[in-house]
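Following: one structure in structure tokens, then a few remarks.
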Amino acid sequence: MEPELLFDGMSFRVFRSGEPDCVTVEFTDTITAFGGIKRAEISGKGEINASIASMVAEYIGKNGVESHFIRQLDSRRILCRKVEMIRLEVVVRNIIAGSMARRLGVREGMKPENTIFDLFYKNEDLGSPLINDHYAVALGLVTYGELTRIYEYAGKINGLMSSLLKDVDIELVDFKLEFGRDGSGNIVVADELTPDNARLWDMKSMQKLDRDRFRRDMGKVGEAYRTICGRLRTVLRK
């Protein structure tokens, strides 16, 4: 019998697991942009993202960041704790790029002195609008205490991954994270950091090594993802 599909995010799918209080996340070769309007298949992307997600989750876990990740099951699947998802996306920005550059009319690549944290309300009917902390609390999505924990984790991951990636000549431009509550009500990271949801630039050539290559028809998407995976392996799986 096929496991029950709980969520289809196109680039990944979540299934009910045979283990209690767990789910299986399967990464696919599908890549999308612009809310799924643009879509393609990149051979091997699922295996690459499963490997990257596992390496990153293990690394941040060893450094004090609680996540839903338990272990990698095979080349495309990881086992995760079942959590209650919070309908927020946190975007951490070290360099201004993408939608923020367009929204503010500033040059892409501008590096502010501060780290920027954006909060988006995950509601497709509303286009997942940008909101602030007070909106999130007013909507009953989180408490102020939970937001403090969320920002603490997001900031810690940013510091850990920025430093790690610089060791392999990659700039962590920005990334998206989602969070959830575990069975005890504790805030945990409930997302995977991969080139699908992070902007990653080569520090020497400034070449984009992430989903922007697909968004902007730059080609060599699979090669870029393999570059990220290969460089991470050199520092995380020696």
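To be explicit about the labels: the chains of the structure tokens are called A, B, and onward in the order shown, and within each one the residues are counted from 1, while ligands get numbers from 1 in the order they are shown.
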Closest atom pairs, region 28-135 of chain A residues within 12 Å of region 222-228 of chain A, only C-alpha atoms, as JSON lines:
```
{"residue": "A:Asp29", "atom": "CA", "partner": "A:Gly222", "partner_atom": "CA", "distance": 9.8}
{"residue": "A:Thr30", "atom": "CA", "partner": "A:Gly222", "partner_atom": "CA", "distance": 11.3}
{"residue": "A:Ile31", "atom": "CA", "partner": "A:Gly222", "partner_atom": "CA", "distance": 10.3}
{"residue": "A:Ala40", "atom": "CA", "partner": "A:Gly222", "partner_atom": "CA", "distance": 11.6}
{"residue": "A:Glu41", "atom": "CA", "partner": "A:Gly222", "partner_atom": "CA", "distance": 9.8}
{"residue": "A:Ile42", "atom": "CA", "partner": "A:Gly222", "partner_atom": "CA", "distance": 6.2}
{"residue": "A:Ser43", "atom": "CA", "partner": "A:Gly222", "partner_atom": "CA", "distance": 7.2}
{"residue": "A:Gly44", "atom": "CA", "partner": "A:Gly222", "partner_atom": "CA", "distance": 7.5}
{"residue": "A:Lys45", "atom": "CA", "partner": "A:Gly222", "partner_atom": "CA", "distance": 6.6}
{"residue": "A:Gly46", "atom": "CA", "partner": "A:Tyr225", "partner_atom": "CA", "distance": 10.3}
{"residue": "A:Glu47", "atom": "CA", "partner": "A:Arg226", "partner_atom": "CA", "distance": 9.9}
{"residue": "A:Ile48", "atom": "CA", "partner": "A:Arg226", "partner_atom": "CA", "distance": 6.6}
{"residue": "A:Asn49", "atom": "CA", "partner": "A:Tyr225", "partner_atom": "CA", "distance": 7.9}
{"residue": "A:Ala50", "atom": "CA", "partner": "A:Tyr225", "partner_atom": "CA", "distance": 11.4}
{"residue": "A:Ser51", "atom": "CA", "partner": "A:Arg226", "partner_atom": "CA", "distance": 10.2}
{"residue": "A:Ile52", "atom": "CA", "partner": "A:Ile228", "partner_atom": "CA", "distance": 8.0}
{"residue": "A:Ala53", "atom": "CA", "partner": "A:Ile228", "partner_atom": "CA", "distance": 11.3}
{"residue": "A:Met55", "atom": "CA", "partner": "A:Ile228", "partner_atom": "CA", "distance": 11.5}
{"residue": "A:Val56", "atom": "CA", "partner": "A:Ile228", "partner_atom": "CA", "distance": 11.6}
```
Could you write out the selected residues, including N, CA, C and O atoms, as a PDB file, in the first residue's frame?
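Okay, out.pdb is ready:
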```pdb
ATOM      1  N   ASP A  29      12.386  15.970  -8.291  1.00  0.00           N
ATOM      2  CA  ASP A  29      13.203  16.656  -9.293  1.00  0.00           C
ATOM      3  C   ASP A  29      12.508  17.897  -9.846  1.00  0.00           C
ATOM      4  O   ASP A  29      13.058  18.602 -10.696  1.00  0.00           O
ATOM      5  N   THR A  30      11.296  18.169  -9.359  1.00  0.00           N
ATOM      6  CA  THR A  30      10.530  19.319  -9.854  1.00  0.00           C
ATOM      7  C   THR A  30      11.088  20.618  -9.299  1.00  0.00           C
ATOM      8  O   THR A  30      11.418  20.711  -8.116  1.00  0.00           O
ATOM      9  N   ILE A  31      11.170  21.610 -10.148  1.00  0.00           N
ATOM     10  CA  ILE A  31      11.547  22.962  -9.724  1.00  0.00           C
ATOM     11  C   ILE A  31      10.483  23.921 -10.235  1.00  0.00           C
ATOM     12  O   ILE A  31       9.970  23.760 -11.348  1.00  0.00           O
ATOM     13  N   ALA A  40       9.575  22.857 -14.137  1.00  0.00           N
ATOM     14  CA  ALA A  40      10.416  21.976 -14.957  1.00  0.00           C
ATOM     15  C   ALA A  40      10.941  20.848 -14.079  1.00  0.00           C
ATOM     16  O   ALA A  40      10.759  20.845 -12.856  1.00  0.00           O
ATOM     17  N   GLU A  41      11.589  19.884 -14.713  1.00  0.00           N
ATOM     18  CA  GLU A  41      12.225  18.774 -14.006  1.00  0.00           C
ATOM     19  C   GLU A  41      13.739  18.891 -14.180  1.00  0.00           C
ATOM     20  O   GLU A  41      14.220  19.059 -15.309  1.00  0.00           O
ATOM     21  N   ILE A  42      14.468  18.815 -13.075  1.00  0.00           N
ATOM     22  CA  ILE A  42      15.927  18.865 -13.086  1.00  0.00           C
ATOM     23  C   ILE A  42      16.435  17.513 -12.595  1.00  0.00           C
ATOM     24  O   ILE A  42      16.262  17.167 -11.420  1.00  0.00           O
ATOM     25  N   SER A  43      17.028  16.738 -13.482  1.00  0.00           N
ATOM     26  CA  SER A  43      17.445  15.383 -13.139  1.00  0.00           C
ATOM     27  C   SER A  43      18.381  15.360 -11.926  1.00  0.00           C
ATOM     28  O   SER A  43      19.383  16.079 -11.891  1.00  0.00           O
ATOM     29  N   GLY A  44      18.005  14.567 -10.938  1.00  0.00           N
ATOM     30  CA  GLY A  44      18.845  14.405  -9.755  1.00  0.00           C
ATOM     31  C   GLY A  44      18.653  15.442  -8.677  1.00  0.00           C
ATOM     32  O   GLY A  44      19.271  15.348  -7.603  1.00  0.00           O
ATOM     33  N   LYS A  45      17.795  16.437  -8.901  1.00  0.00           N
ATOM     34  CA  LYS A  45      17.645  17.512  -7.919  1.00  0.00           C
ATOM     35  C   LYS A  45      17.130  16.997  -6.577  1.00  0.00           C
ATOM     36  O   LYS A  45      17.554  17.461  -5.509  1.00  0.00           O
ATOM     37  N   GLY A  46      16.228  16.021  -6.613  1.00  0.00           N
ATOM     38  CA  GLY A  46      15.686  15.497  -5.375  1.00  0.00           C
ATOM     39  C   GLY A  46      16.757  14.890  -4.486  1.00  0.00           C
ATOM     40  O   GLY A  46      16.782  15.113  -3.273  1.00  0.00           O
ATOM     41  N   GLU A  47      17.650  14.130  -5.095  1.00  0.00           N
ATOM     42  CA  GLU A  47      18.727  13.505  -4.327  1.00  0.00           C
ATOM     43  C   GLU A  47      19.696  14.556  -3.791  1.00  0.00           C
ATOM     44  O   GLU A  47      20.173  14.450  -2.657  1.00  0.00           O
ATOM     45  N   ILE A  48      19.977  15.563  -4.607  1.00  0.00           N
ATOM     46  CA  ILE A  48      20.892  16.630  -4.171  1.00  0.00           C
ATOM     47  C   ILE A  48      20.306  17.372  -2.979  1.00  0.00           C
ATOM     48  O   ILE A  48      20.980  17.603  -1.966  1.00  0.00           O
ATOM     49  N   ASN A  49      19.017  17.758  -3.082  1.00  0.00           N
ATOM     50  CA  ASN A  49      18.397  18.518  -1.994  1.00  0.00           C
ATOM     51  C   ASN A  49      18.254  17.692  -0.721  1.00  0.00           C
ATOM     52  O   ASN A  49      18.390  18.219   0.384  1.00  0.00           O
ATOM     53  N   ALA A  50      17.978  16.389  -0.859  1.00  0.00           N
ATOM     54  CA  ALA A  50      17.896  15.532   0.333  1.00  0.00           C
ATOM     55  C   ALA A  50      19.236  15.496   1.054  1.00  0.00           C
ATOM     56  O   ALA A  50      19.292  15.547   2.293  1.00  0.00           O
ATOM     57  N   SER A  51      20.311  15.426   0.289  1.00  0.00           N
ATOM     58  CA  SER A  51      21.648  15.395   0.879  1.00  0.00           C
ATOM     59  C   SER A  51      21.983  16.726   1.544  1.00  0.00           C
ATOM     60  O   SER A  51      22.483  16.756   2.683  1.00  0.00           O
ATOM     61  N   ILE A  52      21.707  17.835   0.852  1.00  0.00           N
ATOM     62  CA  ILE A  52      21.979  19.160   1.426  1.00  0.00           C
ATOM     63  C   ILE A  52      21.153  19.373   2.687  1.00  0.00           C
ATOM     64  O   ILE A  52      21.671  19.807   3.724  1.00  0.00           O
ATOM     65  N   ALA A  53      19.853  19.070   2.617  1.00  0.00           N
ATOM     66  CA  ALA A  53      18.963  19.271   3.764  1.00  0.00           C
ATOM     67  C   ALA A  53      19.443  18.466   4.973  1.00  0.00           C
ATOM     68  O   ALA A  53      19.433  18.963   6.109  1.00  0.00           O
ATOM     69  N   MET A  55      22.568  17.305   5.620  1.00  0.00           N
ATOM     70  CA  MET A  55      23.823  17.840   6.140  1.00  0.00           C
ATOM     71  C   MET A  55      23.594  19.094   6.971  1.00  0.00           C
ATOM     72  O   MET A  55      24.163  19.253   8.068  1.00  0.00           O
ATOM     73  N   VAL A  56      22.754  20.000   6.465  1.00  0.00           N
ATOM     74  CA  VAL A  56      22.501  21.255   7.171  1.00  0.00           C
ATOM     75  C   VAL A  56      21.760  20.994   8.485  1.00  0.00           C
ATOM     76  O   VAL A  56      22.114  21.563   9.530  1.00  0.00           O
TER      77      VAL A  56
END
```
Quick one: everything within 12 Å of Gly159 (chain A), counting only C-alpha atoms, minus sequence neighbours fewer than 2 positions away in the same chain. Send it as a PyMOL selection string. chain A and resi 60+63+65+92-94+115+152-157+161-166+171-172+174
From a backbone DSSP assignment, name each residue in region 37-192 of chain A labelled strand (DSSP E), as JSON, numbers by chain. {"A": [38, 39, 40, 41, 69, 70, 71, 72, 77, 78, 79, 80, 81, 84, 85, 88, 89, 90, 91, 92, 93, 116, 117, 118, 119, 120, 121, 130, 131, 170, 171, 172, 173, 174, 175, 176, 177, 179, 180, 181, 187, 188, 189]}
With only C-alpha atoms as the basis for distance, which of A:Cys80, A:Val221, A:Met110, A:Arg216 is at the shortest distance from Asp196 (chain A)?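 Residue with the minimum atom-to-atom distance to Asp196 (chain A): A:Val221.
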Quick one: pick out all helix (DSSP H, G or I) residues within region 47-218 of chain A from a backbone DSSP run and write them as a PyMOL selection string. chain A and resi 47-62+98-104+124-126+133-138+144-166+212-215
Shell of 8 Å around Asp191 (chain A), only C-alpha atoms, local chain residues under 5 positions omitted, as a PyMOL selection string: chain A and resi 67-68+177-179
Minimum-distance residue to Val188 (chain A), chosen among A:Gly18, A:Gly219, A:Gly61, A:Gly9 (using only C-alpha atoms):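 So, comparing all the options, the nearest one is A:Gly61.
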Restricting the calculation to only C-alpha atoms: of A:Ala33, A:Val91, A:Ala190, A:Val137, which residue gets closest to Tyr151 (chain A)?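 Going through A:Ala33, A:Val91, A:Ala190, A:Val137 one by one, the smallest distance to Tyr151 (chain A) is for A:Val91.
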Top pick for closest residue to Asp21 (chain A), considering A:Ala198, A:Val142, A:Ile70, A:Leu236 and counting only C-alpha atoms: A:Ile70
To one decimal place, how far is CA of Thr194 (chain A) from CA of Ala57 (chain A) in Å?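 The value is 10.5 Å.
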Identify, on the basis of only C-alpha atoms, every residue whose closest approach to Glu89 (chain A) does not exceed 9 Å; exclude the query and any residue fewer than 3 positions from it along the same chain; express the result as a ChimeraX atom specification. /A:86,118-122,128,176-179
Asp217 (chain A) surroundings by only C-alpha atoms, 12 Å radius, close-in-sequence under 3 positions cut, as a PyMOL selection string: chain A and resi 33+38-40+208+210-214+220-221
Hey, can you spit out that residue selection with all heavy atoms as an mmCIF file, in the first residue's frame?
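out.cif written:
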```
data_model
loop_
_atom_site.group_PDB
_atom_site.id
_atom_site.type_symbol
_atom_site.label_atom_id
_atom_site.label_comp_id
_atom_site.auth_asym_id
_atom_site.auth_seq_id
_atom_site.Cartn_x
_atom_site.Cartn_y
_atom_site.Cartn_z
ATOM 1 N N ALA A 33 8.728 28.170 -10.064
ATOM 2 C CA ALA A 33 8.937 29.599 -9.810
ATOM 3 C C ALA A 33 7.621 30.325 -10.056
ATOM 4 O O ALA A 33 6.725 29.804 -10.728
ATOM 5 C CB ALA A 33 10.028 30.154 -10.719
ATOM 6 N N LYS A 38 5.742 28.629 -13.475
ATOM 7 C CA LYS A 38 6.872 28.098 -14.234
ATOM 8 C C LYS A 38 7.332 26.814 -13.546
ATOM 9 O O LYS A 38 7.530 26.791 -12.329
ATOM 10 C CB LYS A 38 8.002 29.126 -14.270
ATOM 11 C CG LYS A 38 9.180 28.741 -15.147
ATOM 12 C CD LYS A 38 10.215 29.860 -15.183
ATOM 13 C CE LYS A 38 11.370 29.504 -16.092
ATOM 14 N NZ LYS A 38 12.386 30.587 -16.132
ATOM 15 N N ARG A 39 7.510 25.765 -14.332
ATOM 16 C CA ARG A 39 7.809 24.459 -13.746
ATOM 17 C C ARG A 39 8.652 23.637 -14.703
ATOM 18 O O ARG A 39 8.478 23.698 -15.918
ATOM 19 C CB ARG A 39 6.495 23.736 -13.433
ATOM 20 C CG ARG A 39 6.643 22.347 -12.849
ATOM 21 C CD ARG A 39 5.291 21.815 -12.436
ATOM 22 N NE ARG A 39 5.351 20.436 -11.989
ATOM 23 C CZ ARG A 39 4.365 19.791 -11.383
ATOM 24 N NH1 ARG A 39 3.230 20.423 -11.161
ATOM 25 N NH2 ARG A 39 4.510 18.531 -11.026
ATOM 26 N N ALA A 40 9.575 22.857 -14.137
ATOM 27 C CA ALA A 40 10.416 21.976 -14.957
ATOM 28 C C ALA A 40 10.941 20.848 -14.079
ATOM 29 O O ALA A 40 10.759 20.845 -12.856
ATOM 30 C CB ALA A 40 11.574 22.761 -15.576
ATOM 31 N N LYS A 208 25.383 32.932 -9.497
ATOM 32 C CA LYS A 208 24.261 32.444 -8.702
ATOM 33 C C LYS A 208 24.244 30.922 -8.726
ATOM 34 O O LYS A 208 24.338 30.306 -9.786
ATOM 35 C CB LYS A 208 22.945 33.023 -9.245
ATOM 36 C CG LYS A 208 22.830 34.540 -9.049
ATOM 37 C CD LYS A 208 21.567 35.087 -9.686
ATOM 38 C CE LYS A 208 21.372 36.561 -9.333
ATOM 39 N NZ LYS A 208 22.496 37.407 -9.745
ATOM 40 N N ASP A 210 21.679 28.877 -7.200
ATOM 41 C CA ASP A 210 20.409 28.580 -6.551
ATOM 42 C C ASP A 210 19.263 28.660 -7.557
ATOM 43 O O ASP A 210 19.486 28.729 -8.757
ATOM 44 C CB ASP A 210 20.181 29.576 -5.402
ATOM 45 C CG ASP A 210 20.311 31.018 -5.879
ATOM 46 O OD1 ASP A 210 19.453 31.467 -6.663
ATOM 47 O OD2 ASP A 210 21.281 31.702 -5.494
ATOM 48 N N ARG A 211 18.041 28.679 -7.052
ATOM 49 C CA ARG A 211 16.848 28.632 -7.903
ATOM 50 C C ARG A 211 16.711 29.850 -8.818
ATOM 51 O O ARG A 211 15.965 29.808 -9.800
ATOM 52 C CB ARG A 211 15.595 28.471 -7.032
ATOM 53 C CG ARG A 211 14.324 28.209 -7.816
ATOM 54 C CD ARG A 211 13.245 27.595 -6.952
ATOM 55 N NE ARG A 211 12.916 28.380 -5.799
ATOM 56 C CZ ARG A 211 11.676 28.804 -5.497
ATOM 57 N NH1 ARG A 211 10.662 28.510 -6.288
ATOM 58 N NH2 ARG A 211 11.455 29.483 -4.394
ATOM 59 N N ASP A 212 17.400 30.936 -8.511
ATOM 60 C CA ASP A 212 17.357 32.096 -9.409
ATOM 61 C C ASP A 212 17.834 31.731 -10.813
ATOM 62 O O ASP A 212 17.445 32.370 -11.790
ATOM 63 C CB ASP A 212 18.207 33.249 -8.862
ATOM 64 C CG ASP A 212 17.402 34.185 -7.976
ATOM 65 O OD1 ASP A 212 16.160 34.052 -7.932
ATOM 66 O OD2 ASP A 212 18.012 35.044 -7.309
ATOM 67 N N ARG A 213 18.666 30.737 -10.929
ATOM 68 C CA ARG A 213 19.123 30.308 -12.265
ATOM 69 C C ARG A 213 17.935 29.817 -13.092
ATOM 70 O O ARG A 213 17.910 29.990 -14.309
ATOM 71 C CB ARG A 213 20.193 29.219 -12.156
ATOM 72 C CG ARG A 213 21.459 29.637 -11.433
ATOM 73 C CD ARG A 213 22.623 28.721 -11.770
ATOM 74 N NE ARG A 213 23.016 28.884 -13.157
ATOM 75 C CZ ARG A 213 23.821 29.836 -13.623
ATOM 76 N NH1 ARG A 213 24.342 30.731 -12.793
ATOM 77 N NH2 ARG A 213 24.114 29.903 -14.902
ATOM 78 N N PHE A 214 16.966 29.207 -12.418
ATOM 79 C CA PHE A 214 15.751 28.763 -13.102
ATOM 80 C C PHE A 214 14.791 29.928 -13.308
ATOM 81 O O PHE A 214 14.238 30.089 -14.400
ATOM 82 C CB PHE A 214 15.080 27.656 -12.288
ATOM 83 C CG PHE A 214 13.782 27.176 -12.859
ATOM 84 C CD1 PHE A 214 13.745 26.475 -14.061
ATOM 85 C CD2 PHE A 214 12.575 27.428 -12.205
ATOM 86 C CE1 PHE A 214 12.541 26.040 -14.609
ATOM 87 C CE2 PHE A 214 11.379 26.989 -12.725
ATOM 88 C CZ PHE A 214 11.359 26.297 -13.933
ATOM 89 N N LYS A 220 21.994 25.738 -16.494
ATOM 90 C CA LYS A 220 22.919 25.026 -15.607
ATOM 91 C C LYS A 220 22.432 24.994 -14.158
ATOM 92 O O LYS A 220 23.208 25.159 -13.209
ATOM 93 C CB LYS A 220 24.317 25.642 -15.685
ATOM 94 C CG LYS A 220 24.946 25.540 -17.071
ATOM 95 C CD LYS A 220 26.370 26.060 -17.081
ATOM 96 C CE LYS A 220 27.008 25.901 -18.467
ATOM 97 N NZ LYS A 220 28.401 26.396 -18.504
ATOM 98 N N VAL A 221 21.120 24.745 -13.997
ATOM 99 C CA VAL A 221 20.540 24.707 -12.649
ATOM 100 C C VAL A 221 21.075 23.510 -11.868
ATOM 101 O O VAL A 221 21.525 23.647 -10.728
ATOM 102 C CB VAL A 221 19.001 24.665 -12.730
ATOM 103 C CG1 VAL A 221 18.405 24.632 -11.327
ATOM 104 C CG2 VAL A 221 18.472 25.868 -13.509
#
```
Ranking A:Phe12, A:Phe34, A:Tyr59, A:Phe69 by minimum distance to Asp182 (chain A) and counting only C-alpha atoms, which one comes first?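 Among A:Phe12, A:Phe34, A:Tyr59, A:Phe69, it is A:Phe69 that comes nearest to Asp182 (chain A).
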Atom pair CA of Leu88 (chain A) / CA of Glu66 (chain A): separation (Å): 17.5 Å
Mind giving me the straight-line distance from CA of Gln207 (chain A) to CA of Ile170 (chain A) in Å, one decimal?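 Computing it gives 9.6 Å between the two atoms.
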Which is closer to Asp74 (chain A) than all the others in A:Gly183, A:Val106, A:Met206, A:Ser54, using only C-alpha atoms?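 Among A:Gly183, A:Val106, A:Met206, A:Ser54, it is A:Ser54 that comes nearest to Asp74 (chain A).
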